[in-house]
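Student: File target.cif follows (mmCIF, C-alpha atoms and all ligand atoms):
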```
data_target
#
loop_
_atom_site.label_atom_id
_atom_site.label_comp_id
_atom_site.auth_asym_id
_atom_site.auth_seq_id
_atom_site.Cartn_x
_atom_site.Cartn_y
_atom_site.Cartn_z
CA MET A 1 31.46 61.24 -51.19
CA LEU A 2 29.39 58.48 -49.76
CA LYS A 3 27.48 59.67 -46.72
CA ASP A 4 26.94 57.35 -43.76
CA GLU A 5 23.17 57.49 -44.12
CA GLU A 6 23.54 56.27 -47.70
CA ILE A 7 25.52 53.29 -46.50
CA VAL A 8 22.89 52.55 -43.87
CA ARG A 9 20.15 52.80 -46.48
CA SER A 10 21.70 49.79 -48.24
CA LYS A 11 20.28 47.67 -45.43
CA SER A 12 16.83 48.19 -46.92
CA CYS A 13 17.80 46.15 -50.00
CA ILE A 14 15.12 43.57 -50.83
CA GLN A 15 17.43 41.50 -53.06
CA CYS A 16 15.09 42.00 -56.03
CA GLY A 17 17.93 41.89 -58.57
CA THR A 18 16.76 44.90 -60.57
CA CYS A 19 20.30 46.25 -60.33
CA VAL A 20 21.88 43.18 -61.88
CA ALA A 21 19.20 42.94 -64.55
CA SER A 22 20.03 46.54 -65.56
CA CYS A 23 23.77 45.98 -65.69
CA TYR A 24 25.53 45.28 -68.99
CA SER A 25 28.88 44.70 -67.29
CA SER A 26 27.33 41.91 -65.21
CA ARG A 27 26.39 39.99 -68.35
CA ASP A 28 30.01 39.33 -69.20
CA THR A 29 31.72 39.43 -65.80
CA ALA A 30 31.26 38.21 -62.22
CA LEU A 31 30.15 41.68 -61.09
CA SER A 32 26.94 41.42 -59.06
CA VAL A 33 25.87 44.48 -57.15
CA ARG A 34 23.03 42.57 -55.51
CA LYS A 35 25.59 40.23 -54.00
CA ILE A 36 27.85 43.09 -52.91
CA ILE A 37 24.92 44.69 -51.07
CA ASN A 38 23.97 41.31 -49.60
CA ASP A 39 27.51 40.82 -48.28
CA PHE A 40 27.28 44.22 -46.66
CA ILE A 41 24.00 43.33 -44.94
CA LYS A 42 25.40 40.04 -43.69
CA THR A 43 28.75 41.31 -42.44
CA GLY A 44 28.18 45.02 -41.78
CA LYS A 45 31.19 45.78 -43.95
CA ILE A 46 31.34 46.85 -47.57
CA PRO A 47 33.34 44.07 -49.25
CA GLU A 48 36.51 45.00 -51.10
CA ASP A 49 35.26 43.17 -54.15
CA GLU A 50 37.52 43.61 -57.16
CA THR A 51 34.67 43.08 -59.61
CA ALA A 52 33.70 46.70 -58.78
CA LEU A 53 36.34 47.69 -61.33
CA TYR A 54 34.19 46.22 -64.11
CA CYS A 55 31.47 48.80 -63.52
CA SER A 56 31.26 51.28 -66.40
CA THR A 57 29.48 53.72 -64.04
CA CYS A 58 26.38 53.89 -66.24
CA TYR A 59 24.17 54.48 -63.19
CA SER A 60 21.35 52.26 -64.54
CA CYS A 61 21.26 50.18 -61.37
CA GLN A 62 21.18 53.20 -59.09
CA GLU A 63 18.53 54.86 -61.21
CA ARG A 64 16.24 51.84 -61.03
CA CYS A 65 16.77 50.49 -57.53
CA PRO A 66 13.33 50.50 -55.87
CA ARG A 67 14.97 51.26 -52.51
CA GLY A 68 16.92 54.26 -53.76
CA ILE A 69 20.24 52.70 -52.79
CA GLN A 70 23.25 54.65 -54.07
CA ILE A 71 24.70 51.57 -55.71
CA THR A 72 27.13 53.21 -58.11
CA GLU A 73 28.47 55.41 -55.31
CA ILE A 74 29.06 52.29 -53.23
CA LEU A 75 31.05 50.82 -56.11
CA PHE A 76 33.13 54.02 -56.30
CA HIS A 77 33.74 53.65 -52.57
CA ILE A 78 35.01 50.08 -53.09
CA ARG A 79 37.20 51.19 -55.98
CA ARG A 80 38.86 53.84 -53.82
CA ARG A 81 39.57 51.27 -51.14
CA LEU A 82 41.18 49.04 -53.74
CA ALA A 83 43.19 51.94 -55.20
CA GLU A 84 44.57 52.81 -51.75
CA ARG A 85 46.48 49.57 -51.96
CA GLU A 86 47.31 49.76 -55.64
CA ILE A 87 46.06 51.89 -58.52
CA PRO A 88 44.69 49.51 -61.19
CA GLU A 89 47.21 49.08 -63.97
CA GLY A 90 44.80 50.12 -66.73
CA LEU A 91 44.25 53.52 -65.12
CA MET A 92 47.94 54.34 -64.67
CA PRO A 93 48.65 55.89 -68.10
CA PHE A 94 45.82 58.38 -67.64
CA TYR A 95 46.81 59.12 -64.05
CA ASN A 96 50.46 59.66 -64.96
CA SER A 97 49.64 61.91 -67.85
CA LEU A 98 47.28 63.99 -65.73
CA LYS A 99 50.02 64.37 -63.15
CA ARG A 100 52.64 65.33 -65.69
CA TYR A 101 50.69 67.57 -68.09
CA GLY A 102 47.53 68.41 -66.18
CA ILE A 103 45.77 66.72 -69.08
CA GLY A 104 44.71 63.07 -69.16
CA VAL A 105 44.73 62.71 -72.93
CA PRO A 106 47.42 65.04 -74.31
CA PRO A 107 47.51 65.90 -78.02
CA GLU A 108 49.78 64.18 -80.52
CA GLU A 109 51.41 65.86 -83.50
CA GLN A 110 48.48 65.21 -85.85
CA HIS A 111 45.97 66.72 -83.44
CA LEU A 112 48.04 69.88 -82.99
CA LYS A 113 48.21 70.19 -86.76
CA LEU A 114 44.47 69.82 -87.08
CA ARG A 115 43.96 72.46 -84.39
CA GLU A 116 46.14 74.80 -86.34
CA LYS A 117 44.20 74.16 -89.53
CA LEU A 118 40.95 74.94 -87.72
CA GLY A 119 42.42 78.11 -86.21
CA LEU A 120 42.14 76.88 -82.61
CA GLU A 121 44.43 78.22 -79.88
CA ASN A 122 46.07 75.95 -77.31
CA TYR A 123 45.00 77.25 -73.92
CA SER A 124 45.07 74.28 -71.56
CA VAL A 125 47.31 74.18 -68.49
CA GLN A 126 49.72 71.96 -70.42
CA PHE A 127 50.79 75.01 -72.41
CA ARG A 128 51.12 77.33 -69.41
CA LYS A 129 54.09 76.82 -67.12
CA GLU A 130 52.77 79.11 -64.38
CA ASP A 131 49.40 77.38 -64.14
CA MET A 132 51.06 73.96 -64.21
CA LYS A 133 52.66 74.82 -60.86
CA GLU A 134 49.18 74.88 -59.29
CA ILE A 135 48.46 71.39 -60.59
CA ARG A 136 51.75 70.06 -59.20
CA GLU A 137 50.99 71.67 -55.88
CA ILE A 138 47.56 69.99 -55.70
CA PHE A 139 49.14 66.63 -56.48
CA ARG A 140 51.88 67.16 -53.89
CA ARG A 141 49.34 67.98 -51.21
CA LEU A 142 46.85 65.21 -51.86
CA LYS A 143 48.72 62.31 -53.36
CA MET B 1 29.89 81.90 -70.90
CA VAL B 2 33.26 80.18 -70.91
CA PHE B 3 33.98 76.97 -72.78
CA PHE B 4 35.57 74.11 -70.88
CA PRO B 5 36.84 71.74 -73.60
CA GLY B 6 38.27 68.93 -71.43
CA CYS B 7 40.87 66.54 -72.87
CA VAL B 8 39.33 64.41 -75.59
CA ILE B 9 37.60 67.16 -77.58
CA PRO B 10 40.62 69.43 -78.11
CA ASN B 11 43.20 66.65 -78.31
CA ARG B 12 41.42 63.98 -80.33
CA TYR B 13 38.42 65.59 -82.06
CA PRO B 14 39.23 69.32 -82.32
CA GLY B 15 36.53 69.74 -84.97
CA VAL B 16 34.00 69.50 -82.15
CA GLU B 17 35.59 72.49 -80.43
CA LYS B 18 35.55 74.48 -83.65
CA ALA B 19 31.88 73.57 -84.14
CA VAL B 20 30.93 74.61 -80.59
CA PHE B 21 32.46 78.08 -81.01
CA PHE B 22 30.99 78.49 -84.50
CA THR B 23 27.44 77.53 -83.52
CA MET B 24 27.43 79.65 -80.36
CA GLU B 25 28.60 82.65 -82.36
CA LYS B 26 25.81 82.13 -84.89
CA LEU B 27 23.31 81.99 -82.06
CA GLY B 28 24.64 85.28 -80.68
CA ILE B 29 26.06 83.76 -77.49
CA LYS B 30 29.38 85.12 -76.24
CA LEU B 31 31.69 82.21 -75.53
CA LYS B 32 35.27 82.60 -74.32
CA PRO B 33 37.83 79.79 -73.96
CA LEU B 34 38.61 78.90 -70.32
CA GLU B 35 42.33 79.62 -70.24
CA GLY B 36 44.64 77.53 -68.08
CA TYR B 37 42.12 74.74 -67.50
CA SER B 38 43.24 71.21 -66.62
CA CYS B 39 41.62 67.83 -67.16
CA CYS B 40 38.17 67.93 -65.45
CA PRO B 41 39.17 65.13 -64.10
CA PRO B 42 36.93 62.20 -65.09
CA PRO B 43 34.91 60.58 -62.32
CA GLY B 44 35.32 56.99 -63.57
CA ILE B 45 39.08 57.18 -63.30
CA MET B 46 40.03 59.88 -60.78
CA ARG B 47 37.09 59.56 -58.43
CA SER B 48 37.93 55.87 -58.26
CA ILE B 49 41.49 56.64 -57.22
CA ASN B 50 41.50 59.68 -54.97
CA GLU B 51 38.32 61.64 -54.44
CA GLU B 52 40.00 64.65 -52.81
CA LEU B 53 42.36 65.02 -55.74
CA TRP B 54 39.41 64.72 -58.13
CA TYR B 55 37.56 67.40 -56.18
CA GLU B 56 40.41 69.89 -55.86
CA LEU B 57 41.28 69.75 -59.54
CA ALA B 58 37.63 70.17 -60.51
CA VAL B 59 37.13 73.10 -58.15
CA ARG B 60 40.24 74.80 -59.52
CA ASN B 61 38.73 74.58 -63.01
CA ILE B 62 35.43 76.02 -61.85
CA GLY B 63 37.27 78.82 -60.03
CA LEU B 64 38.87 79.97 -63.30
CA SER B 65 35.43 80.86 -64.65
CA GLY B 66 34.67 83.63 -62.13
CA ASP B 67 31.00 84.61 -62.34
CA LEU B 68 30.44 83.17 -65.79
CA GLU B 69 28.54 80.03 -66.68
CA VAL B 70 30.70 77.10 -67.78
CA LEU B 71 29.78 75.32 -71.01
CA THR B 72 30.93 71.75 -71.63
CA ALA B 73 30.34 69.47 -74.60
CA CYS B 74 31.39 66.26 -72.83
CA ASN B 75 29.22 64.17 -70.50
CA GLY B 76 32.21 63.36 -68.29
CA CYS B 77 33.29 67.00 -67.83
CA PHE B 78 29.65 67.95 -67.28
CA SER B 79 29.11 65.43 -64.51
CA THR B 80 32.45 66.08 -62.79
CA LEU B 81 32.09 69.86 -62.77
CA GLN B 82 28.43 69.75 -61.81
CA ASP B 83 29.06 67.34 -58.93
CA ALA B 84 32.10 69.23 -57.65
CA TYR B 85 30.18 72.50 -57.89
CA SER B 86 27.32 71.18 -55.83
CA ILE B 87 29.64 69.57 -53.25
CA SER B 88 31.34 72.98 -52.89
CA GLY B 89 27.96 74.45 -51.98
CA GLY B 90 27.47 76.23 -55.32
CA LYS B 91 23.95 77.30 -56.18
CA GLY B 92 22.08 77.60 -59.45
CA ASN B 93 22.72 76.33 -62.95
CA LYS B 94 26.36 77.31 -63.43
CA ILE B 95 27.62 74.19 -65.17
CA ARG B 96 25.97 73.58 -68.53
CA HIS B 97 26.11 70.93 -71.20
CA TYR B 98 25.92 72.01 -74.83
CA ALA B 99 22.90 69.78 -75.55
CA GLU B 100 20.74 70.80 -72.59
CA PHE B 101 21.76 74.45 -72.96
CA LEU B 102 20.62 74.46 -76.59
CA PHE B 103 17.42 72.61 -75.81
CA ARG B 104 16.40 74.45 -72.66
CA ASP B 105 17.84 77.95 -72.97
CA VAL B 106 18.28 78.65 -76.68
CA GLY B 107 15.22 76.69 -77.80
CA LEU B 108 14.36 74.81 -80.98
CA GLU B 109 12.69 77.80 -82.65
CA LYS B 110 15.79 79.96 -82.51
CA ILE B 111 17.98 77.10 -83.72
CA ARG B 112 15.70 76.47 -86.66
CA GLU B 113 15.77 80.13 -87.66
CA LYS B 114 19.56 79.98 -88.06
CA VAL B 115 19.63 76.88 -90.25
CA LYS B 116 21.13 77.54 -93.68
CA LYS B 117 21.06 73.94 -94.84
CA PHE B 118 18.77 71.22 -93.51
CA LEU B 119 20.33 67.77 -93.27
CA PRO B 120 17.96 64.95 -94.28
CA LEU B 121 19.92 62.16 -92.58
CA ARG B 122 18.73 59.04 -90.83
CA VAL B 123 20.51 59.10 -87.48
CA ALA B 124 20.73 56.98 -84.34
CA VAL B 125 21.08 59.22 -81.28
CA HIS B 126 23.13 58.11 -78.31
CA TYR B 127 22.69 60.25 -75.17
CA GLY B 128 25.49 58.77 -73.10
CA CYS B 129 24.98 57.81 -69.46
CA HIS B 130 26.30 60.82 -67.59
CA LEU B 131 24.24 63.41 -69.39
CA VAL B 132 21.05 62.21 -67.69
CA ARG B 133 22.10 59.80 -64.92
CA SER B 134 22.02 59.73 -62.00
CA SER B 135 18.91 61.90 -62.16
CA THR B 136 19.43 62.75 -58.49
CA TYR B 137 22.24 65.07 -59.62
CA ARG B 138 21.66 65.72 -63.33
CA ASN B 139 18.01 66.61 -63.66
CA VAL B 140 18.21 67.68 -67.32
CA ASP B 141 15.86 65.17 -68.97
CA SER B 142 14.28 61.78 -68.28
CA PRO B 143 16.96 59.25 -67.26
CA GLU B 144 15.18 56.43 -69.10
CA ASN B 145 13.46 58.11 -71.98
CA PRO B 146 15.01 61.48 -72.77
CA VAL B 147 13.97 63.51 -75.81
CA MET B 148 16.32 66.49 -76.11
CA ILE B 149 18.77 65.13 -78.64
CA ASP B 150 15.96 63.61 -80.72
CA ARG B 151 14.33 67.05 -80.92
CA LEU B 152 17.66 68.75 -81.61
CA VAL B 153 18.45 66.52 -84.60
CA GLU B 154 14.89 66.75 -85.94
CA THR B 155 15.08 70.54 -85.83
CA ILE B 156 17.87 70.51 -88.40
CA GLY B 157 16.11 68.07 -90.71
CA CYS B 158 17.33 64.65 -89.51
CA GLU B 159 15.15 61.66 -88.76
CA SER B 160 15.93 60.07 -85.38
CA VAL B 161 15.53 56.32 -85.76
CA TYR B 162 14.43 54.53 -82.60
CA TYR B 163 16.43 51.52 -81.45
CA ARG B 164 16.03 49.31 -78.43
CA THR B 165 19.42 49.89 -76.84
CA ARG B 166 19.49 53.68 -77.14
CA MET B 167 20.03 54.21 -73.41
CA VAL B 168 22.65 51.47 -73.03
CA CYS B 169 26.21 52.51 -72.16
CA CYS B 170 28.79 52.64 -75.00
CA GLY B 171 31.23 50.70 -72.82
CA ALA B 172 33.93 53.36 -72.48
CA GLY B 173 33.05 54.78 -69.07
CA GLY B 174 34.23 54.09 -65.55
CA GLY B 175 37.78 53.30 -66.61
CA VAL B 176 36.47 50.20 -68.41
CA GLY B 177 37.51 51.59 -71.81
CA ALA B 178 40.98 52.30 -70.43
CA GLY B 179 41.47 49.26 -68.20
CA PHE B 180 39.40 46.40 -69.62
CA ARG B 181 39.47 46.57 -73.40
CA ASP B 182 37.72 43.21 -73.96
CA LEU B 183 34.86 43.97 -71.62
CA SER B 184 34.50 47.42 -73.13
CA LEU B 185 34.12 45.88 -76.59
CA LYS B 186 31.60 43.33 -75.32
CA ILE B 187 29.41 46.12 -73.99
CA LEU B 188 29.69 47.95 -77.31
CA ARG B 189 28.74 44.74 -79.12
CA ARG B 190 25.58 44.37 -77.04
CA LYS B 191 24.82 48.03 -77.56
CA MET B 192 25.07 47.59 -81.33
CA GLU B 193 23.19 44.32 -81.69
CA ASN B 194 20.38 44.81 -84.21
CA PHE B 195 21.49 48.37 -84.74
CA PRO B 196 19.32 50.24 -87.25
CA ASN B 197 20.54 51.11 -90.72
CA VAL B 198 21.44 54.80 -90.40
CA ASP B 199 23.70 57.39 -92.02
CA CYS B 200 25.43 58.15 -88.75
CA ILE B 201 25.35 57.95 -84.96
CA VAL B 202 24.95 61.28 -83.16
CA VAL B 203 26.54 61.73 -79.73
CA VAL B 204 27.10 64.65 -77.36
CA CYS B 205 30.17 63.27 -75.59
CA PRO B 206 33.69 62.83 -77.02
CA LEU B 207 34.29 59.65 -75.01
CA CYS B 208 31.28 57.99 -76.57
CA LEU B 209 32.43 59.43 -79.90
CA ARG B 210 35.86 57.88 -79.53
CA GLN B 211 34.40 54.54 -78.45
CA PHE B 212 32.11 54.25 -81.50
CA ASP B 213 34.74 55.75 -83.78
CA THR B 214 37.70 53.59 -82.83
CA ARG B 215 36.19 50.33 -81.60
CA GLN B 216 33.50 49.46 -84.12
CA LYS B 217 36.17 48.07 -86.40
CA ASP B 218 36.81 45.35 -83.79
CA LEU B 219 33.23 44.12 -84.01
CA ASP B 220 33.01 41.25 -86.47
CA SER B 221 30.25 41.15 -89.08
CA HIS B 222 29.62 44.82 -88.76
CA ARG B 223 30.18 47.67 -91.18
CA PRO B 224 31.29 50.64 -89.08
CA ILE B 225 28.77 53.47 -88.95
CA PRO B 226 30.22 57.00 -88.89
CA VAL B 227 29.74 58.96 -85.71
CA LEU B 228 29.47 62.73 -85.18
CA HIS B 229 29.09 65.04 -82.23
CA TYR B 230 25.86 67.04 -82.47
CA ALA B 231 27.90 70.28 -82.55
CA GLN B 232 29.53 69.19 -85.81
CA LEU B 233 26.16 68.46 -87.39
CA LEU B 234 24.70 71.75 -86.19
CA ALA B 235 27.73 73.69 -87.45
CA VAL B 236 27.22 72.25 -90.95
CA ALA B 237 23.51 73.08 -90.79
CA PHE B 238 24.47 76.65 -89.81
CA GLY B 239 26.70 76.93 -92.86
CA LEU B 240 30.19 75.92 -91.71
CA ASP B 241 32.17 74.27 -94.48
CA VAL B 242 32.30 70.46 -94.07
CA ASP B 243 36.07 70.75 -94.38
CA GLN B 244 36.08 72.74 -91.11
CA ILE B 245 34.55 70.20 -88.70
CA GLY B 246 37.70 68.09 -88.36
CA LEU B 247 36.46 64.91 -90.02
CA GLU B 248 40.03 63.83 -90.76
CA ALA B 249 40.26 62.81 -87.09
CA HIS B 250 37.34 60.38 -87.46
CA SER B 251 38.23 56.85 -88.50
CA THR B 252 34.69 55.80 -89.40
CA MET B 253 33.82 58.46 -91.98
CA ASN B 254 32.54 57.48 -95.41
CA ASP B 255 32.04 59.41 -98.65
CA ASP B 256 28.35 58.77 -98.64
CA LEU B 257 27.88 60.73 -95.43
CA ILE B 258 30.34 63.45 -96.41
CA ASN B 259 28.41 64.00 -99.66
CA LYS B 260 25.12 64.18 -97.82
CA LEU B 261 26.60 66.72 -95.41
CA ILE B 262 27.91 68.83 -98.27
CA LYS B 263 24.69 68.68 -100.24
CA GLY B 264 22.07 68.98 -97.50
CA ASP B 265 18.46 69.37 -98.50
CA ALA B 266 18.07 72.20 -101.01
CA GLU B 267 14.28 71.77 -101.02
CA GLU B 268 13.68 72.76 -97.45
CA VAL B 269 15.60 76.04 -97.39
S1 LIG A 301 17.89 46.94 -57.11
FE1 LIG A 301 18.23 47.78 -55.03
S2 LIG A 301 16.80 46.63 -53.72
FE2 LIG A 301 16.99 45.45 -55.64
S3 LIG A 301 18.65 43.99 -55.23
FE3 LIG A 301 19.59 45.77 -56.19
S4 LIG A 301 20.27 47.03 -54.43
FE4 LIG A 301 18.78 45.55 -53.64
S1 LIG A 302 26.50 51.58 -62.74
FE1 LIG A 302 27.95 49.86 -62.84
S2 LIG A 302 27.05 48.21 -61.64
FE2 LIG A 302 25.42 49.72 -62.06
S3 LIG A 302 24.41 48.97 -63.92
FE3 LIG A 302 25.99 50.39 -64.58
S4 LIG A 302 27.83 49.13 -64.97
FE4 LIG A 302 26.39 47.89 -63.74
#
```
What does the file become when written as structure tokens?
Tutor:
Amino acid sequence: MLKDEEIVRSKSCIQCGTCVASCYSSRDTALSVRKIINDFIKTGKIPEDETALYCSTCYSCQERCPRGIQITEILFHIRRRLAEREIPEGLMPFYNSLKRYGIGVPPEEQHLKLREKLGLENYSVQFRKEDMKEIREIFRRLK
Amino acid sequence: MVFFPGCVIPNRYPGVEKAVFFTMEKLGIKLKPLEGYSCCPPPGIMRSINEELWYELAVRNIGLSGDLEVLTACNGCFSTLQDAYSISGGKGNKIRHYAEFLFRDVGLEKIREKVKKFLPLRVAVHYGCHLVRSSTYRNVDSPENPVMIDRLVETIGCESVYYRTRMVCCGAGGGVGAGFRDLSLKILRRKMENFPNVDCIVVVCPLCLRQFDTRQKDLDSHRPIPVLHYAQLLAVAFGLDVDQIGLEAHSTMNDDLINKLIKGDAEEV
């Protein structure tokens, strides 16, 4: 949850580029957090820049920014704005599975077998009808 | 304590779960499974889609634990539950990660006392981003130069080999592993450039584990290096049979490492 004062703090950016220099995603894509912050300073609006999706959320930029700008949180903010229009295709399988089973990465046959061999119980919400109702209810309310 | 396994540990690498319960038992720590838990859910994916949904699901999971501390062995679960807990106004150290709990609460001395078989392996440790960053929220070790996992592997007889990119992301996080496969591999390639010659990579997060385990084969001119969760290594050091740490789920295993795990270092015991 990006607080207003954190957004305002972005105006103290000195365009030093430490963020971009720290970013491995930027080396292979057009993602430039320095530019995103610069656009914000120029226009007063956080740009809905789709390159935010390339961020692997490693937090290196945010950790190193000499102005303490919450860069990664700003990227999350942009991503949510983008998702309001359309959830990125690559994230849909996980989202759908979470909605259906309460679990983003459900087990396949071989994993259940291995669990059995290791003597592990299955105790996630996926295996409990009653608890699954709570998950559905949360999705219904907030979707 | 209750164990929150998340999705990838129980459903892809269940040997990690087995190893967590085994090692905690050996250390005399009562650990119960958190029944009825759902996906944490991961910040990179769910916090990017709908933050309220992310929050409510996380808070439901925390609520299931009552007054007990919650133990995770995944950097993603750790960061989601810790963030949601603090947003909800929760106080104190309720949400724990296996690695920092061992290092800070159990302590190296006690771990060393329980070792049945030291493991003289050369290992490359990978902390994973969300264990230590952002330090504003995590505060478990240095965000740039942490030492916990190095000390933890050394305590059971391994040599931690330094490499330049040790704090670089594995490339799986933030939905990049799920949504942008090419980019994810490019990050892994940069991570593994000039990688040292080691017996295995040691991680404390199943997402990093899966990234190294399933994507190294797509890197050209590179012989895949096996990867283990620290819990699996510790379980073997504490005497769990190598057959019981779920190595059949790993695609990068090799006989050389398996033999070294079975044999250990007879000298040191
Ligand atoms: S590191 Fe911080 S101050 Fe420097 S350019 Fe990036 S956002 Fe601006
Ligand atoms: S958090 Fe995102 S933008 Fe910042 S350095 Fe990491 S990948 Fe780049």
Student: For atom CA of Arg115 of chain A and atom CA of Gly102 of chain A, determine how far apart the two atoms are, in Å to one decimal place.
Tutor: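 Result for atom CA of Arg115 of chain A versus atom CA of Gly102 of chain A: 19.0 Å, one decimal.
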Student: Using only C-alpha atoms, I'd like every residue of chain A that has an atom within 8 Å of chain B; please write them out as a PyMOL selection string.
Tutor: chain A and resi 1+24-25+28+53-60+62-63+76-77+79-80+83-84+87-91+95+98+102-108+111-112+114-115+118+120+123-128+131+135+138-139+142-143
Student: Using all atoms listed in the file, which residues sit within 10 Å of Lys3 of chain A once same-chain residues fewer than 6 positions away are excluded, as number ranges by chain?
Tutor: A: 70, 73-74
Student: Write out, as a PDB file, keeping the file's coordinate frame, the residues just selected, with C-alpha atoms.
Tutor:
```pdb
ATOM      1  CA  GLN A  70      23.250  54.650 -54.070  1.00  0.00           C
ATOM      2  CA  GLU A  73      28.470  55.410 -55.310  1.00  0.00           C
ATOM      3  CA  ILE A  74      29.060  52.290 -53.230  1.00  0.00           C
TER       4      ILE A  74
END
```
Student: What's around Gly68 of chain A at 10 Å? Count only C-alpha atoms, leave out sequence neighbours fewer than 2 positions away in its own chain, and write the answer as a short mmCIF file (atom, residue, chain, number, x, y, z; two decimals) with C-alpha atoms, keeping the file's coordinate frame.
Tutor:
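The resulting file, out.cif, is reproduced below:
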```cif
data_model
loop_
_atom_site.label_atom_id
_atom_site.label_comp_id
_atom_site.auth_asym_id
_atom_site.auth_seq_id
_atom_site.Cartn_x
_atom_site.Cartn_y
_atom_site.Cartn_z
CA GLU A 6 23.54 56.27 -47.70
CA ARG A 9 20.15 52.80 -46.48
CA SER A 10 21.70 49.79 -48.24
CA SER A 12 16.83 48.19 -46.92
CA CYS A 13 17.80 46.15 -50.00
CA CYS A 61 21.26 50.18 -61.37
CA GLN A 62 21.18 53.20 -59.09
CA GLU A 63 18.53 54.86 -61.21
CA ARG A 64 16.24 51.84 -61.03
CA CYS A 65 16.77 50.49 -57.53
CA PRO A 66 13.33 50.50 -55.87
CA GLN A 70 23.25 54.65 -54.07
CA ILE A 71 24.70 51.57 -55.71
#
```
Student: As a ChimeraX atom specification, please: the residues near Leu119 of chain B (cut-off 9 Å, all atoms listed in the file, same-chain neighbours under 5 positions excluded).
Tutor: /B:153,156-158,233,236-237,260-261,263-265
Student: Within 6 Å of ligand LIG 301 (chain A) (counting only C-alpha atoms and all ligand atoms), which residues show up? I'd like them as a PyMOL selection string.
Tutor: chain A and resi 13-19+34+65-67+69
Student: From the set A:Ile78, A:Met92, A:Val33, A:Met132, which residue has the shortest atom-to-atom contact distance to ligand LIG 302 (chain A), counting only C-alpha atoms and all ligand atoms?
Tutor: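 With only C-alpha atoms and all ligand atoms as the atom set, the closest residue is A:Val33.
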Student: Return the padded bounding box of segment 125-138 of chain B as lines of an AutoDock Vina configuration file: axis-aligned, built from all atoms listed in the file, 8 Å added on each side, with centre and edge lengths in Å to one decimal.
Tutor:
```
center_x = 22.6
center_y = 61.8
center_z = -69.9
size_x = 23.4
size_y = 23.9
size_z = 38.8
```
Student: Rounded to one decimal place, report the atom CA of Ser65 of chain B-atom CA of Ser79 of chain B distance in Å.
Tutor: 16.7 Å
Student: From the options B:Asp256, B:Asp83, B:Asp105, B:Glu154, which residue's atoms come nearest to Ala124 of chain B, counting all atoms listed in the file?
Tutor: B:Glu154
Student: Give me, as a list in words, all polymer residues having an atom no more than 6 Å from Pro226 of chain B, counting all atoms listed in the file and skipping those fewer than 3 positions away in the same chain.
Tutor: Cys200, Thr252 and Met253 of chain B
Student: Hey, can you spit out that residue selection with C-alpha atoms as a compact mmCIF listing (two decimals), in the frame of the given file?
Tutor:
```txt
# COMPACT_ATOMS: atom_id res chain seq x y z
CA CYS B 200 25.43 58.15 -88.75
CA THR B 252 34.69 55.80 -89.40
CA MET B 253 33.82 58.46 -91.98
```
Student: Just add N, CA, C and O atoms to segment 129-137 of chain B and send it as a compact mmCIF listing (two decimals), in the frame of the given file.
Tutor:
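Generated output (part_23.txt):
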```txt
# COMPACT_ATOMS: atom_id res chain seq x y z
N CYS B 129 25.52 57.96 -70.82
CA CYS B 129 24.98 57.81 -69.46
C CYS B 129 24.99 59.09 -68.63
O CYS B 129 24.00 59.45 -68.01
N HIS B 130 26.14 59.77 -68.60
CA HIS B 130 26.30 60.82 -67.59
C HIS B 130 25.62 62.14 -67.92
O HIS B 130 25.64 63.06 -67.13
N LEU B 131 25.01 62.22 -69.09
CA LEU B 131 24.24 63.41 -69.39
C LEU B 131 22.95 63.43 -68.56
O LEU B 131 22.51 64.48 -68.10
N VAL B 132 22.36 62.26 -68.37
CA VAL B 132 21.05 62.21 -67.69
C VAL B 132 21.03 61.40 -66.39
O VAL B 132 20.06 61.46 -65.64
N ARG B 133 22.08 60.63 -66.13
CA ARG B 133 22.10 59.80 -64.92
C ARG B 133 23.32 60.13 -64.07
O ARG B 133 24.37 60.44 -64.63
N SER B 134 23.20 60.02 -62.77
CA SER B 134 22.02 59.73 -62.00
C SER B 134 21.12 60.96 -61.95
O SER B 134 21.61 62.07 -61.75
N SER B 135 19.83 60.76 -62.09
CA SER B 135 18.91 61.90 -62.16
C SER B 135 18.85 62.67 -60.83
O SER B 135 18.38 63.79 -60.78
N THR B 136 19.34 62.04 -59.77
CA THR B 136 19.43 62.75 -58.49
C THR B 136 20.29 64.01 -58.64
O THR B 136 20.03 65.04 -58.03
N TYR B 137 21.34 63.92 -59.46
CA TYR B 137 22.24 65.07 -59.62
C TYR B 137 22.03 65.80 -60.94
O TYR B 137 22.25 66.99 -61.03
```
